[in-house]
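To start, the structure under review is shown below, and the notes come after it.
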Amino acid sequence: MAIPETLALLLEAPGPSGQEEPAAKVWRDAARGFGEVSGDVLGSSWVRVPGTGGGPLLAIVGHIDEIGLVITHVGSDGLLAVRGLGGFDPQPYLGQRVVIRTKDGPVDGVVGWRKQKRRRGDDRKPADFDDLFLDIGARSAEEAKEVIRAGDVALAAGSPAELRNGRIASRALDNRLGCYVALEVARRVAQSAAESGGGLAWDVAGAAVVQEEVGDFAGSRTVSYGLEPAVVIAVDVTHATDIRGGDPEDEGEHKVGGGAAIMRGTSMHPRIFDLLQETAEQEGISYSIEVSRGQTNTDADAAYLSRAGIATGLVSFPLRYMHSPVEVVDLADVEAVVKLLVAFASRLDAGISFAR
């Protein structure tokens with residue numbers, strides 16, 4: 001299964017937290033093909049498809065930012081100290097090639113690590129960010145500073161790879177996948193309305209929001225407040241538990257290729273969950289149930305508390321190797337989530353209420 005063109009463009013574009021513009025431009029250009037695109041000063045984007053039934057707004061929200069390595073200091077040896085932009089384990093970045101985004105364009109580099117002196121029998125300690133640095137080939141701090149500034153961000157180099165059985169590997173699947181789904185749901189709703197000469201009862205907006213990975217859900221917070229949707233469905237990734245070390249008893253049974261993972265938990269509106277589950281069963285869409293015992297650590301956490309409260313749901317893709325340069329997803333799961341949310345949107349009657 002080939003990677004959809006728009007998704008491939010989104011995965012190729014850089015977009016670390018706070019510097020999402022290149023990825024956002026790809027998203028906005030695609031959205032202009034079927035609707036009017038808007039944005040805010042933080043850099044979030046959305047496209048709105050009007051309904052015909054006088055109903056309120058359903059917003060499908062994915063975050064467009066990705067994790068990265070932010071440069072904090074240029075050493076006298078020309079090596080660059082880094083810390084994580086977003087929360088992740090630095091271990092998978094050892095020995096990786098990176099591209100640094102600078103004011104004058106991309107700069108190639110590699111991730112190096114502090115040499116450990118060990119005696120026979122000593123254990124090697126896991127690498128921390130203190131042990132990592134970037135090497136761009138500079139021979140001195142002065143040479144490095146000619147092209148690098150503190151605050152520049154490095155991303156793993158390399159293009160998306162097509163694996164066997166419709167699976168793909170790439171950096172930034174978390175969460176260009178969610179942005180792609182938000183875009184594709186809105187596009188299919190608009191296409192259906194154009195073909196039928198009508199539309200859904202509710203307006204539908206697809207949104208690509210910023211700054212989720214740094215933990216404050218800024219984009220989701222401002223978009224949920226500004227658009228005033230009656231329902232928000234956040235789309236993100238969840239840990240696949242069909243790998244070695246996966247723990248279904250703690251995280252649930254979520255298999256790559258197993259369809260959509262629908263969140264059920266304290267901050268998720270129970271009627272939204274029920275409607276998503278019923279829709280999946282009626283449409284023959286494979287799904288698993290993910291359980292939240294509090295916060296979800298996704299954009300849903302900001303959306304459900306916006307204004308006086310918003311009825312919120314969360315649908316995710318099972319993802320292997322999250323927050324690494326080689327995240328893996330099954331494209332059939334991506335299509336399953338798109339179909340689920342298009343069908344969910346069509347089930348929202350103008351008079352439906354989620355008051356509790």
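Chain labels A, B, ... are given in the sequence in which chains occur in the structure tokens; within each chain residues are numbered consecutively from 1, and ligands are likewise numbered from 1 in the order shown.
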
Fewer than 4 positions away in the same chain doesn't count, so skip those; otherwise give me all residues within 7 Å of Ala311 (chain A), counting only C-alpha atoms, as a JSON list (two decimals) with all heavy atoms, in the first residue's frame.
```json
[["chain", "number", "residue", "atom", "x", "y", "z"],
["A", 230, "ALA", "N", -19.05, 22.05, 19.54],
["A", 230, "ALA", "CA", -19.87, 21.33, 20.51],
["A", 230, "ALA", "C", -19.25, 19.97, 20.84],
["A", 230, "ALA", "O", -19.47, 19.44, 21.92],
["A", 230, "ALA", "CB", -21.28, 21.15, 19.97],
["A", 231, "VAL", "N", -18.50, 19.41, 19.87],
["A", 231, "VAL", "CA", -17.83, 18.13, 20.05],
["A", 231, "VAL", "C", -16.43, 18.24, 19.46],
["A", 231, "VAL", "O", -16.24, 18.80, 18.38],
["A", 231, "VAL", "CB", -18.60, 16.97, 19.37],
["A", 231, "VAL", "CG1", -17.78, 15.68, 19.39],
["A", 231, "VAL", "CG2", -19.95, 16.75, 20.05],
["A", 232, "VAL", "N", -15.45, 17.70, 20.18],
["A", 232, "VAL", "CA", -14.09, 17.58, 19.67],
["A", 232, "VAL", "C", -13.70, 16.10, 19.69],
["A", 232, "VAL", "O", -13.90, 15.41, 20.70],
["A", 232, "VAL", "CB", -13.08, 18.39, 20.52],
["A", 232, "VAL", "CG1", -11.64, 18.01, 20.16],
["A", 232, "VAL", "CG2", -13.28, 19.88, 20.33],
["A", 269, "HIS", "N", -16.16, 11.95, 27.13],
["A", 269, "HIS", "CA", -17.61, 11.97, 27.29],
["A", 269, "HIS", "C", -18.17, 10.57, 26.99],
["A", 269, "HIS", "O", -17.92, 10.02, 25.92],
["A", 269, "HIS", "CB", -18.22, 12.99, 26.34],
["A", 269, "HIS", "CG", -19.62, 13.36, 26.70],
["A", 269, "HIS", "ND1", -20.69, 12.51, 26.52],
["A", 269, "HIS", "CD2", -20.14, 14.51, 27.22],
["A", 269, "HIS", "CE1", -21.80, 13.11, 26.91],
["A", 269, "HIS", "NE2", -21.49, 14.32, 27.35],
["A", 304, "TYR", "N", -11.43, 19.22, 26.35],
["A", 304, "TYR", "CA", -12.62, 18.93, 27.14],
["A", 304, "TYR", "C", -12.85, 19.96, 28.25],
["A", 304, "TYR", "O", -13.97, 20.10, 28.76],
["A", 304, "TYR", "CB", -12.59, 17.50, 27.70],
["A", 304, "TYR", "CG", -11.96, 17.31, 29.05],
["A", 304, "TYR", "CD1", -12.75, 17.22, 30.20],
["A", 304, "TYR", "CD2", -10.58, 17.19, 29.19],
["A", 304, "TYR", "CE1", -12.17, 17.02, 31.44],
["A", 304, "TYR", "CE2", -10.00, 16.98, 30.42],
["A", 304, "TYR", "CZ", -10.80, 16.90, 31.55],
["A", 304, "TYR", "OH", -10.22, 16.70, 32.78],
["A", 354, "PHE", "N", -25.44, 16.58, 24.08],
["A", 354, "PHE", "CA", -24.54, 15.79, 24.93],
["A", 354, "PHE", "C", -24.51, 16.32, 26.36],
["A", 354, "PHE", "O", -23.57, 16.04, 27.12],
["A", 354, "PHE", "CB", -23.13, 15.79, 24.32],
["A", 354, "PHE", "CG", -23.05, 15.03, 23.02],
["A", 354, "PHE", "CD1", -23.08, 15.70, 21.81],
["A", 354, "PHE", "CD2", -22.98, 13.65, 23.01],
["A", 354, "PHE", "CE1", -23.03, 15.01, 20.61],
["A", 354, "PHE", "CE2", -22.93, 12.95, 21.82],
["A", 354, "PHE", "CZ", -22.95, 13.64, 20.62]]
```

Per residue of region 139-191 of chain A within 10 Å of region 42-60 of chain A, what are the shortest atom pair and its distance in Å to one decimal, counting only C-alpha atoms, with rows by chain and residue number, as CSV?
```
residue,atom,partner,partner_atom,distance
A:Gly178,CA,A:Ile60,CA,8.8
A:Cys179,CA,A:Ile60,CA,8.8
A:Val181,CA,A:Ile60,CA,8.2
A:Ala182,CA,A:Ile60,CA,5.2
A:Leu183,CA,A:Val47,CA,7.8
A:Val185,CA,A:Ile60,CA,8.0
A:Ala186,CA,A:Val49,CA,6.6
A:Arg187,CA,A:Val49,CA,8.3
A:Arg188,CA,A:Val49,CA,10.0
A:Val189,CA,A:Val49,CA,7.4
A:Ala190,CA,A:Val49,CA,6.1
A:Gln191,CA,A:Val49,CA,9.9
```

Q: Measuring atom to atom with only C-alpha atoms, identify which of A:Asp130, A:Asp349, A:Asp104, A:Asp330 is nearest to Trp202 (chain A).
A: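 Answer, going by the shortest atom-to-atom distance: A:Asp349.
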
(Q) When you look at region 272-274 of chain A with a cut-off of 10 Å (counting only C-alpha atoms), what residues show up, excluding the ones that are within fewer than 5 positions of it in the same chain? I need them as a list in words. (A)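 Counting only C-alpha atoms, the residues come to Val231, Val232, Ile233, Ile262, Met263, Arg264, Gly265, Thr279, Ala280, Ile289, Ala311, Thr312, Gly313, Leu314, Val315, Phe344 and Phe354 of chain A.
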
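A straight line drawn from CA of Ser288 (chain A) to CA of Ala260 (chain A) is 6.3 Å long.
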
Q. A:Lys115, A:Arg320, A:Arg97, A:Lys25: which is nearest Gly245 (chain A), counting only C-alpha atoms?
A.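 Among the listed residues, A:Arg320 lies closest to Gly245 (chain A).
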
Q: Tell me, as number ranges by chain, which residues lie within 7 Å of His73 (chain A), counting only C-alpha atoms; anything in the same chain fewer than 5 positions away does not count.
A: A: 80-81, 150

Q: Quick one: pick out all helix (DSSP H, G or I) residues within region 102-334 of chain A from a backbone DSSP run and write them as an NGL selection string.
A: :A and (129-131 or 141-145 or 164-166 or 173-196 or 218-227 or 248-251 or 270-283 or 300-303 or 331-334)

**Q.** Option closest in space to Asp77 (chain A), from A:Glu143, A:Asp236, A:Glu283, A:Asp250 [counting only C-alpha atoms]
**A.**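 Ranked by minimum distance to Asp77 (chain A), first place goes to A:Glu143.
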
Q | Residues of region 177-336 of chain A in strand (DSSP E), written as a ChimeraX atom specification | A | /A:203-209,231-239,260-265,287-292,311-319,327-330

**Q.** Counting only C-alpha atoms, the option among A:Ser76, A:Ser306, A:Gln91, A:Ser224 closest to Gly62 (chain A)
**A.**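 Of A:Ser76, A:Ser306, A:Gln91, A:Ser224, the one nearest Gly62 (chain A) is A:Ser224, counting only C-alpha atoms.
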
Q: For Ala2 (chain A), work out the shell of residues within 12 Å, counting only C-alpha atoms and skipping chain neighbours fewer than 6 positions away, then give it as a VMD selection string.
A: chain A and resid 8 160 to 168 330 to 332

Q. Please, what distance in Å, to one decimal, runs between CA of Val237 (chain A) and CA of Ala169 (chain A)?
A.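 Between CA of Val237 (chain A) and CA of Ala169 (chain A) the gap is 13.9 Å.
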
Q: May I have the residues within 12 Å of Lys145 (chain A) as a list in words, using only C-alpha atoms and disregarding those fewer than 2 positions away in the same chain?
A: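 Final neighbour list, sorted by chain and number: Ile71, His73, Val74, Gly75, Ser76, Asp77, Gly78, Leu79, Leu80, Thr102, Lys103, Ile136, Ala138, Arg139, Ser140, Ala141, Glu142, Glu143, Val147, Ile148, Arg149, Ala150 and Asp152 of chain A.
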